[in-house]
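Trainee: Have a look at the structure that comes next, please.
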Amino acid sequence: MLVQDLIDLDRYPIATPGPARDALLASVRADLARDGCAVIKRFLTPAGVAAAVAEADAVADQGHRSYSRTNAYFTAEDPSLPEDDPRRAFFDRSNAFIAADHFTHDGPLRTVFDSDGFDPFIRDCLQEPKDRFFRYADPLADVIVNAADEGNGFPWHFDTNNFTVTLALQNADEGGAFEYAPMIRSTTDENFSEVSKVLDGSSDRIVSIALEPGDLQLFKGRYSLHRVAPLKGPTPRYVAIFSYVEAPGMVGSVERTQQLYGRTLPIHHERAGQREDALID
């Protein structure tokens with residue numbers, strides 16, 4: 001399919017300079033500044049949604065399904081920490097990720113990702129300089145689909161990459177709300193006390209949104225604690241994820257890549273320990 005069949009370019013002229021694009025940027029920037037999150041409704045056309053769902057359906061059986069107990073940082077239990085430290089709060093996680101190498105370059109998801117103006121539009125929305133805005137270099141994780149079935153849920157966590165761009169493709173019959181605590185930490189402050197409040201249910205900072213198929217979401221998940229609520233019903237929830245980071249060549253850690261995709265590649269071992277920031281993963 002052509003990109004104009006996938007993206008509603010009449011409504012969202014992301015590659016065409018002018019008042020319409022400027023107004024869209026202003027709206028997205030305001031939401032990101034306030035919440036660390038912005039949603040562009042019905043960014044994909046109905047035909048685009050259908051094509052992307054069909055692509056996900058075709059490779060859904062290739063997703064890595066995992067059931068485990070994790071903390072918000074995907075780190076191992078550390079008995080030396082105080083019992084009330086959020087790094088010692090573990091929750092059940094059940095999910096599936098379809099890795100990036102299952103999506104072809106001429107398929108609908110990569111056609112959207114590689115379309116003219118898409119990267120500059122996302123960069124302009126985030127107001128990032130060119131030397132601080134790069135596609136995630138991880139060959140398993142730059143374009144993925146989160147596929148979740150009944151009973152699945154992704155508990156509170158932080159993202160490895162700074163900026164995440166998602167496309168809601170298909171909702172479950174019930175559940176699956178996206179909940180987050182906007183910008184709860186920074187590069188210099190983990191803010192463990194506020195993180196603990198989110199984890200124990202006493203925080204007043206949590207925002208809940210319901211995404212619809214075709215919605216494009218920009219989210220600063222490196223700094224905003226977030227989760228997906230459990231699902232009900234036979235229909236799987238599909239969300240495509242396009243990832244960007246602040247440094248070139250960045251890939252996931254060996255431990256976390258193994259957790260999420262069930263495998264690693266040589267590049268994950270070669271670049272281990274080369275992350276630019278010192279945040280807990």
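All residue names refer to the structure tokens as shown: chains lettered A, B, ... in order, residues numbered from 1 in each chain, ligands numbered from 1 in order.
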From a backbone DSSP assignment, name each residue in range 128-237 of chain A labelled strand (DSSP E or B), as JSON, numbers by chain.

Mentor: {"A": [134, 135, 143, 144, 145, 146, 147, 148, 153, 154, 155, 156, 157, 163, 164, 165, 166, 167, 168, 169, 170, 174, 175, 178, 179, 180, 181, 207, 208, 209, 216, 217, 218, 219, 225, 226, 227, 228, 231, 232, 237]}

Trainee: Considering only helix (DSSP H, G or I) as DSSP defines it on the backbone, what residues of range 30-159 of chain A qualify? List them as number ranges by chain.

Mentor: A: 30-35, 46-62, 86-88, 100-102, 108-113, 118-126, 130-132

Trainee: For the residues in that selection, give me N, CA and C atoms as a tab-separated table (two decimals), in the first residue's frame.

Mentor:
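Listed below is the output, result17.tsv:
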chain	number	residue	atom	x	y	z
A	30	ALA	N	2.10	21.20	23.21
A	30	ALA	CA	1.45	21.63	24.46
A	30	ALA	C	1.13	20.41	25.33
A	31	ASP	N	0.63	19.34	24.70
A	31	ASP	CA	0.31	18.14	25.46
A	31	ASP	C	1.56	17.49	26.03
A	32	LEU	N	2.62	17.45	25.23
A	32	LEU	CA	3.87	16.85	25.71
A	32	LEU	C	4.47	17.65	26.85
A	33	ALA	N	4.40	18.96	26.76
A	33	ALA	CA	4.94	19.81	27.82
A	33	ALA	C	4.18	19.62	29.13
A	34	ARG	N	2.89	19.43	29.01
A	34	ARG	CA	2.05	19.29	30.21
A	34	ARG	C	2.11	17.89	30.80
A	35	ASP	N	2.04	16.87	29.93
A	35	ASP	CA	1.86	15.50	30.40
A	35	ASP	C	2.95	14.52	30.01
A	46	PRO	N	-8.86	4.08	8.08
A	46	PRO	CA	-9.44	2.75	8.35
A	46	PRO	C	-8.73	1.65	7.55
A	47	ALA	N	-8.38	1.94	6.29
A	47	ALA	CA	-7.66	0.96	5.49
A	47	ALA	C	-6.27	0.70	6.07
A	48	GLY	N	-5.63	1.75	6.58
A	48	GLY	CA	-4.33	1.59	7.20
A	48	GLY	C	-4.39	0.73	8.44
A	49	VAL	N	-5.42	0.94	9.26
A	49	VAL	CA	-5.60	0.13	10.46
A	49	VAL	C	-5.79	-1.33	10.07
A	50	ALA	N	-6.65	-1.58	9.09
A	50	ALA	CA	-6.92	-2.95	8.66
A	50	ALA	C	-5.66	-3.63	8.16
A	51	ALA	N	-4.85	-2.92	7.38
A	51	ALA	CA	-3.62	-3.49	6.82
A	51	ALA	C	-2.62	-3.81	7.93
A	52	ALA	N	-2.50	-2.91	8.88
A	52	ALA	CA	-1.55	-3.13	9.97
A	52	ALA	C	-1.99	-4.28	10.87
A	53	VAL	N	-3.29	-4.39	11.12
A	53	VAL	CA	-3.80	-5.50	11.92
A	53	VAL	C	-3.55	-6.83	11.20
A	54	ALA	N	-3.77	-6.84	9.89
A	54	ALA	CA	-3.52	-8.06	9.12
A	54	ALA	C	-2.05	-8.45	9.18
A	55	GLU	N	-1.17	-7.46	9.12
A	55	GLU	CA	0.26	-7.74	9.21
A	55	GLU	C	0.61	-8.32	10.58
A	56	ALA	N	0.04	-7.74	11.64
A	56	ALA	CA	0.30	-8.26	12.99
A	56	ALA	C	-0.27	-9.66	13.15
A	57	ASP	N	-1.48	-9.88	12.63
A	57	ASP	CA	-2.08	-11.22	12.73
A	57	ASP	C	-1.19	-12.28	12.07
A	58	ALA	N	-0.57	-11.90	10.96
A	58	ALA	CA	0.21	-12.87	10.18
A	58	ALA	C	1.46	-13.34	10.91
A	59	VAL	N	1.96	-12.53	11.85
A	59	VAL	CA	3.20	-12.90	12.55
A	59	VAL	C	2.99	-12.99	14.06
A	60	ALA	N	1.74	-12.95	14.49
A	60	ALA	CA	1.46	-12.96	15.93
A	60	ALA	C	2.03	-14.20	16.61
A	61	ASP	N	2.07	-15.32	15.88
A	61	ASP	CA	2.58	-16.54	16.48
A	61	ASP	C	4.09	-16.50	16.68
A	62	GLN	N	4.76	-15.48	16.14
A	62	GLN	CA	6.20	-15.31	16.31
A	62	GLN	C	6.55	-14.46	17.53
A	86	PRO	N	11.38	1.04	45.90
A	86	PRO	CA	10.57	0.59	44.77
A	86	PRO	C	11.24	-0.46	43.91
A	87	ARG	N	12.54	-0.55	43.96
A	87	ARG	CA	13.23	-1.58	43.20
A	87	ARG	C	12.98	-2.98	43.76
A	88	ARG	N	12.38	-3.04	44.97
A	88	ARG	CA	12.06	-4.33	45.57
A	88	ARG	C	10.58	-4.66	45.45
A	100	ALA	N	11.10	-6.69	15.80
A	100	ALA	CA	11.16	-5.87	14.59
A	100	ALA	C	11.55	-6.66	13.35
A	101	ASP	N	12.34	-7.70	13.51
A	101	ASP	CA	12.80	-8.42	12.32
A	101	ASP	C	11.73	-9.31	11.70
A	102	HIS	N	10.52	-9.28	12.24
A	102	HIS	CA	9.40	-9.99	11.63
A	102	HIS	C	8.57	-9.10	10.70
A	108	PRO	N	3.03	-2.50	5.85
A	108	PRO	CA	2.40	-1.24	6.26
A	108	PRO	C	3.10	-0.53	7.42
A	109	LEU	N	3.58	-1.26	8.41
A	109	LEU	CA	4.18	-0.59	9.56
A	109	LEU	C	5.47	0.13	9.18
A	110	ARG	N	6.34	-0.54	8.43
A	110	ARG	CA	7.58	0.13	8.03
A	110	ARG	C	7.32	1.16	6.93
A	111	THR	N	6.28	1.00	6.16
A	111	THR	CA	5.93	2.03	5.18
A	111	THR	C	5.57	3.33	5.89
A	112	VAL	N	4.83	3.23	6.99
A	112	VAL	CA	4.52	4.41	7.80
A	112	VAL	C	5.79	4.98	8.41
A	113	PHE	N	6.59	4.12	9.03
A	113	PHE	CA	7.80	4.56	9.73
A	113	PHE	C	8.79	5.22	8.77
A	118	PHE	N	8.01	11.64	8.19
A	118	PHE	CA	7.59	11.07	9.48
A	118	PHE	C	8.60	11.38	10.58
A	119	ASP	N	9.88	11.07	10.35
A	119	ASP	CA	10.89	11.36	11.37
A	119	ASP	C	10.98	12.85	11.69
A	120	PRO	N	11.06	13.74	10.68
A	120	PRO	CA	11.10	15.16	11.00
A	120	PRO	C	9.87	15.65	11.77
A	121	PHE	N	8.70	15.09	11.45
A	121	PHE	CA	7.49	15.48	12.17
A	121	PHE	C	7.59	15.08	13.64
A	122	ILE	N	8.01	13.85	13.89
A	122	ILE	CA	8.15	13.40	15.27
A	122	ILE	C	9.20	14.25	16.00
A	123	ARG	N	10.31	14.52	15.34
A	123	ARG	CA	11.36	15.35	15.95
A	123	ARG	C	10.85	16.74	16.25
A	124	ASP	N	10.08	17.33	15.32
A	124	ASP	CA	9.53	18.66	15.55
A	124	ASP	C	8.52	18.65	16.69
A	125	CYS	N	7.72	17.59	16.77
A	125	CYS	CA	6.78	17.49	17.89
A	125	CYS	C	7.52	17.49	19.22
A	126	LEU	N	8.62	16.76	19.27
A	126	LEU	CA	9.39	16.63	20.51
A	126	LEU	C	10.34	17.79	20.72
A	130	LYS	N	18.59	17.92	15.87
A	130	LYS	CA	18.96	16.77	15.04
A	130	LYS	C	20.05	15.92	15.67
A	131	ASP	N	20.94	16.55	16.42
A	131	ASP	CA	22.04	15.79	17.00
A	131	ASP	C	21.65	15.11	18.32
A	132	ARG	N	20.36	15.21	18.69
A	132	ARG	CA	19.87	14.53	19.88
A	132	ARG	C	18.63	13.69	19.58

Trainee: List as a ChimeraX atom specification the protein and nucleic acid residues near range 263-272 of chain A, meaning an atom at most 9 Å away when only C-alpha atoms are counted, but skip any in the same chain fewer than 5 places from it.

Mentor: /A:64,138-140,249-255,257-258

Trainee: Put those residues in a file: C-alpha atoms, as an mmCIF file, in the first residue's frame.

Mentor:
data_model
loop_
_atom_site.group_PDB
_atom_site.id
_atom_site.type_symbol
_atom_site.label_atom_id
_atom_site.label_comp_id
_atom_site.auth_asym_id
_atom_site.auth_seq_id
_atom_site.Cartn_x
_atom_site.Cartn_y
_atom_site.Cartn_z
ATOM 1 C CA HIS A 64 7.801 -13.884 22.446
ATOM 2 C CA ASP A 138 18.180 -2.079 18.044
ATOM 3 C CA PRO A 139 17.388 -4.512 15.176
ATOM 4 C CA LEU A 140 14.893 -6.333 17.395
ATOM 5 C CA GLY A 249 23.742 3.420 18.010
ATOM 6 C CA MET A 250 21.767 2.749 21.180
ATOM 7 C CA VAL A 251 20.378 -0.765 21.717
ATOM 8 C CA GLY A 252 18.699 -2.549 24.610
ATOM 9 C CA SER A 253 20.622 -4.160 27.435
ATOM 10 C CA VAL A 254 21.355 -7.866 27.207
ATOM 11 C CA GLU A 255 19.202 -8.686 30.238
ATOM 12 C CA THR A 257 16.353 -7.773 25.504
ATOM 13 C CA GLN A 258 16.338 -11.400 26.598
#

Trainee: Got a sec: who's within 10 Å of Cys37 in chain A, counting only C-alpha atoms, leaving out chain neighbours fewer than 5 positions off, as a list in words?

Mentor: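 Contacts, with the query itself left out: Val28, Arg29, Ala30, Asp31, Leu32, Phe163, Thr164, Val165, Tyr180, Pro182, Met183, Gln217, Leu218, Phe219, Lys220, Gly221 and Ser224 of chain A.
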
Trainee: Tell me which protein, DNA and RNA residues are within 7 Å of Ala99 in chain A, counting only C-alpha atoms, leaving out same-chain ones fewer than 5 positions away, and put them as a PDB file with all heavy atoms, in the first residue's frame.

Mentor:
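Saved to out_34.pdb:
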ATOM      1  N   GLY A  63       5.524 -13.917  18.183  1.00  0.00           N
ATOM      2  CA  GLY A  63       5.786 -13.079  19.345  1.00  0.00           C
ATOM      3  C   GLY A  63       6.359 -13.883  20.502  1.00  0.00           C
ATOM      4  O   GLY A  63       6.034 -15.063  20.692  1.00  0.00           O
ATOM      5  N   LEU A 140      16.058  -5.603  16.895  1.00  0.00           N
ATOM      6  CA  LEU A 140      14.893  -6.333  17.395  1.00  0.00           C
ATOM      7  C   LEU A 140      13.796  -5.410  17.899  1.00  0.00           C
ATOM      8  O   LEU A 140      12.686  -5.884  18.170  1.00  0.00           O
ATOM      9  CB  LEU A 140      15.290  -7.283  18.533  1.00  0.00           C
ATOM     10  CG  LEU A 140      16.203  -8.446  18.197  1.00  0.00           C
ATOM     11  CD1 LEU A 140      16.434  -9.308  19.443  1.00  0.00           C
ATOM     12  CD2 LEU A 140      15.640  -9.291  17.069  1.00  0.00           C
ATOM     13  N   ALA A 141      14.079  -4.103  18.003  1.00  0.00           N
ATOM     14  CA  ALA A 141      13.155  -3.257  18.761  1.00  0.00           C
ATOM     15  C   ALA A 141      12.809  -1.912  18.152  1.00  0.00           C
ATOM     16  O   ALA A 141      12.128  -1.119  18.793  1.00  0.00           O
ATOM     17  CB  ALA A 141      13.727  -3.039  20.167  1.00  0.00           C
ATOM     18  N   ILE A 144       8.150  -2.615  16.535  1.00  0.00           N
ATOM     19  CA  ILE A 144       7.634  -3.845  17.116  1.00  0.00           C
ATOM     20  C   ILE A 144       6.125  -3.741  17.315  1.00  0.00           C
ATOM     21  O   ILE A 144       5.548  -2.656  17.190  1.00  0.00           O
ATOM     22  CB  ILE A 144       8.307  -4.171  18.465  1.00  0.00           C
ATOM     23  CG1 ILE A 144       7.961  -3.091  19.502  1.00  0.00           C
ATOM     24  CG2 ILE A 144       9.806  -4.323  18.300  1.00  0.00           C
ATOM     25  CD1 ILE A 144       8.477  -3.399  20.899  1.00  0.00           C
ATOM     26  N   TYR A 261      12.229 -10.276  24.317  1.00  0.00           N
ATOM     27  CA  TYR A 261      12.174 -10.924  23.009  1.00  0.00           C
ATOM     28  C   TYR A 261      12.606 -12.387  23.024  1.00  0.00           C
ATOM     29  O   TYR A 261      12.541 -13.060  21.988  1.00  0.00           O
ATOM     30  CB  TYR A 261      13.006 -10.136  22.002  1.00  0.00           C
ATOM     31  CG  TYR A 261      12.585  -8.684  21.938  1.00  0.00           C
ATOM     32  CD1 TYR A 261      13.393  -7.685  22.464  1.00  0.00           C
ATOM     33  CD2 TYR A 261      11.360  -8.326  21.394  1.00  0.00           C
ATOM     34  CE1 TYR A 261      12.992  -6.364  22.446  1.00  0.00           C
ATOM     35  CE2 TYR A 261      10.946  -7.005  21.370  1.00  0.00           C
ATOM     36  CZ  TYR A 261      11.766  -6.030  21.900  1.00  0.00           C
ATOM     37  OH  TYR A 261      11.350  -4.717  21.894  1.00  0.00           O
TER      38      TYR A 261
END

Trainee: Considering only C-alpha atoms, return as a list in words whatever protein or nucleic-acid residues lie within 6 Å of Arg185 in chain A, sequence-local ones (same chain, fewer than 5 positions apart) excluded.

Mentor: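 After dropping sequence-adjacent residues, the list is Glu190, Asn191 and Tyr223 of chain A.
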
Trainee: Could you dump the residues just selected with C-alpha atoms as a CSV table (one decimal), in the first residue's frame?

Mentor:
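This is the output file part-v7.csv:
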chain,number,residue,atom,x,y,z
A,190,GLU,CA,15.1,8.8,40.2
A,191,ASN,CA,12.4,10.2,42.6
A,223,TYR,CA,10.8,9.4,32.4

Trainee: Find the residues near Leu167 in chain A: any atom within 6 Å, counting only C-alpha atoms, skip ones fewer than 5 places away on the same chain, and give them as a list in words.

Mentor: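 Skipping anything fewer than 5 positions along the chain leaves Asp215, Leu216, Val239 and Ala240 of chain A.
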
Trainee: Nearest to Val228 in chain A among A:Ser94, A:Gln4, A:Gln127, A:Thr104, with distances taken over only C-alpha atoms: which residue is it?

Mentor: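 Counting only C-alpha atoms, the residue closest to Val228 in chain A is A:Ser94.
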
Trainee: Would you mind listing, for every residue of range 33-91 of chain A within 6 Å of range 6-20 of chain A, the two atoms forming the shortest contact and the distance between them in Å to one decimal, using only C-alpha atoms, sorted by chain and ascending residue number, as JSON lines?

Mentor:
{"residue": "A:Phe43", "atom": "CA", "partner": "A:Asp8", "partner_atom": "CA", "distance": 5.8}
{"residue": "A:Leu44", "atom": "CA", "partner": "A:Ile7", "partner_atom": "CA", "distance": 4.5}
{"residue": "A:Thr45", "atom": "CA", "partner": "A:Asp8", "partner_atom": "CA", "distance": 5.4}
{"residue": "A:Gly48", "atom": "CA", "partner": "A:Leu6", "partner_atom": "CA", "distance": 3.9}

Trainee: Between A:Phe242, A:Phe103, A:Phe133, A:Phe91, single out the one closest to Thr166 in chain A, counting only C-alpha atoms.

Mentor: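 Of A:Phe242, A:Phe103, A:Phe133, A:Phe91, the one nearest Thr166 in chain A is A:Phe242, counting only C-alpha atoms.
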
Trainee: Using only C-alpha atoms, find the one residue out of A:Ile40, A:Ala76, A:Ala181, A:Leu2 that sits nearest to Gln259 in chain A.

Mentor: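 The shortest atom-to-atom distance to Gln259 in chain A comes from A:Ala76.
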
Trainee: Rounded to one decimal place, report the CA of Pro155 in chain A-CA of Ala229 in chain A distance in Å.

Mentor: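 These atoms are spaced 7.5 Å apart.
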